[in-house]
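Engineer: Take this structure, written in structure tokens, and hold onto it; I'll ask about it next.
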Amino acid sequence: MKKIIFRYWSLNIAVTILLYFAYRITISETDYADADFLDWIFHILDIVVNLLYSLAYLVGMALCSFAIFLNLIDKVRNNFYLSLSSFIGIPLIYVVIITVNILSDDLLQDDYVTIFRNLLIFSIIYLLFTGLQFSFFRKKVNKLDLNP
């Protein structure tokens with residue numbers, strides 16, 4: 001069982017890193033119009049904020065992927081809902097927090113909505129991947145339980 005869980009975790013980390021690089025590419029392709037010195041400074045600050053959020057995205061998704069190791073505990077692995085929460089629960093909380101940040105009144109400025117929208121899109125992609133991964137994991141666990 002340890003090998004199976006480690007295989008799912010390593011695939012999860014690989015997808016996390018791929019999504020991180022895709023997120024960074026999305027940030028780097030943001031087009032900034034030529035402007036005066038003050039706008040140039042604000043664009044640099046915007047890039048720094050985007051880089052910090054991309055780092056927060058990487059750390060958040062890496063922490064979410066470590067929750068898969070909770071399935072090493074028999075009680076978690078044998079309970080459908082606990083196993084589901086170890087795969088999808090923590091990333092879902094992450095997506096809800098980002099969504100609340102987008103919808104809050106303080107962050108309705110265009111730049112912040114764009115930053116959080118990008119985070120939300122990539123987090124939802126990660127959430128869908130972990131949902132698919134969970135369904136494959138449950139099939140494998142159920143097959144192993146039926147064939148002792």
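As shown in the structure tokens, the chain order sets the letters A, B, ...; within each chain, residues go from 1, and ligands are also counted from 1 in the order they appear.
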List as a list in words the protein and nucleic acid residues near stretch 45-51 of chain A, meaning an atom at most 9 Å away when only C-alpha atoms are counted, but skip any in the same chain fewer than 6 places from it.
Structural biologist: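 The residues satisfying every condition are Arg24, Ile27, Ser28, Asp111 and Ile115 of chain A.
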Engineer: Could the residues in this selection be saved with C-alpha atoms as a short mmCIF file (atom, residue, chain, number, x, y, z; two decimals), in the first residue's frame?
Structural biologist:
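To be explicit, this is the file written out as again.cif:
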```
data_model
loop_
_atom_site.label_atom_id
_atom_site.label_comp_id
_atom_site.auth_asym_id
_atom_site.auth_seq_id
_atom_site.Cartn_x
_atom_site.Cartn_y
_atom_site.Cartn_z
CA ARG A 24 4.39 31.27 -14.11
CA ILE A 27 2.13 35.54 -15.37
CA SER A 28 5.08 36.18 -17.68
CA ASP A 111 -5.28 43.85 -10.88
CA ILE A 115 -4.21 37.67 -9.86
#
```
Engineer: Can you tell me which residues surround stretch 80-86 of chain A at a distance of at most 7 Å, considering only C-alpha atoms, apart from same-chain residues fewer than 2 positions away, and format the answer as a CSV table (one decimal) with N, CA, C and O atoms, in the first residue's frame?
Structural biologist:
```
chain,number,residue,atom,x,y,z
A,67,ALA,N,-1.3,15.6,2.0
A,67,ALA,CA,-2.4,15.1,2.7
A,67,ALA,C,-2.7,13.7,2.2
A,67,ALA,O,-3.4,12.9,2.8
A,68,ILE,N,-2.3,13.4,1.0
A,68,ILE,CA,-2.5,12.0,0.4
A,68,ILE,C,-1.9,11.0,1.3
A,68,ILE,O,-2.4,9.8,1.4
A,70,LEU,N,-2.1,10.7,4.4
A,70,LEU,CA,-3.0,10.3,5.4
A,70,LEU,C,-3.7,9.0,5.1
A,70,LEU,O,-4.1,8.3,6.0
A,71,ASN,N,-3.7,8.6,3.9
A,71,ASN,CA,-4.2,7.3,3.5
A,71,ASN,C,-3.4,6.1,3.9
A,71,ASN,O,-3.8,5.0,3.7
A,76,VAL,N,-8.3,5.9,7.8
A,76,VAL,CA,-8.6,6.9,6.7
A,76,VAL,C,-8.8,6.2,5.4
A,76,VAL,O,-9.7,6.5,4.7
A,77,ARG,N,-7.9,5.3,5.1
A,77,ARG,CA,-8.0,4.6,3.8
A,77,ARG,C,-9.3,3.8,3.6
A,77,ARG,O,-9.9,3.8,2.5
A,78,ASN,N,-9.8,3.2,4.6
A,78,ASN,CA,-11.0,2.4,4.5
A,78,ASN,C,-12.3,3.2,4.6
A,78,ASN,O,-13.3,2.6,4.4
A,88,ILE,N,-9.3,15.6,-1.7
A,88,ILE,CA,-9.9,16.8,-2.3
A,88,ILE,C,-10.3,17.8,-1.2
A,88,ILE,O,-10.4,19.0,-1.6
A,89,GLY,N,-10.4,17.5,0.0
A,89,GLY,CA,-10.9,18.4,1.0
A,89,GLY,C,-10.0,19.6,1.2
A,89,GLY,O,-10.5,20.7,1.2
A,90,ILE,N,-8.7,19.4,1.4
A,90,ILE,CA,-7.8,20.5,1.6
A,90,ILE,C,-7.7,21.4,0.4
A,90,ILE,O,-7.8,22.6,0.5
A,134,PHE,N,-8.4,10.6,-7.2
A,134,PHE,CA,-9.1,9.9,-6.1
A,134,PHE,C,-9.9,8.7,-6.6
A,134,PHE,O,-10.0,7.7,-6.0
```
Engineer: In Å, rounded to a single decimal, give me how far atom CA of A:Phe136 is from atom CA of A:Lys75.
Structural biologist: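 Spanning atom CA of A:Lys75 to atom CA of A:Phe136 is a straight-line distance of 18.9 Å.
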Engineer: Can you tell me how far atom CA of A:Asp36 sits from atom CA of A:Arg117, in Å to one decimal?
Structural biologist: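 So the answer is 27.1 Å.
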Engineer: Measuring atom to atom with only C-alpha atoms, identify which of A:Ile25, A:Leu19, A:Ile5, A:Leu128 is nearest to A:Tyr57.
Structural biologist: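 Nearest to A:Tyr57: A:Leu19.
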Engineer: Just give me the gap between atom CA of A:Phe122 and atom CA of A:Ile97 in Å, one decimal is fine.
Structural biologist: 13.8 Å
Engineer: I need the residues in stretch 13-148 of chain A that are alpha helix (DSSP H) according to DSSP; give them as an MDAnalysis selection string.
Structural biologist: chainID A and resid 13:28 37:66 74:78 80:84 90:103 110:146
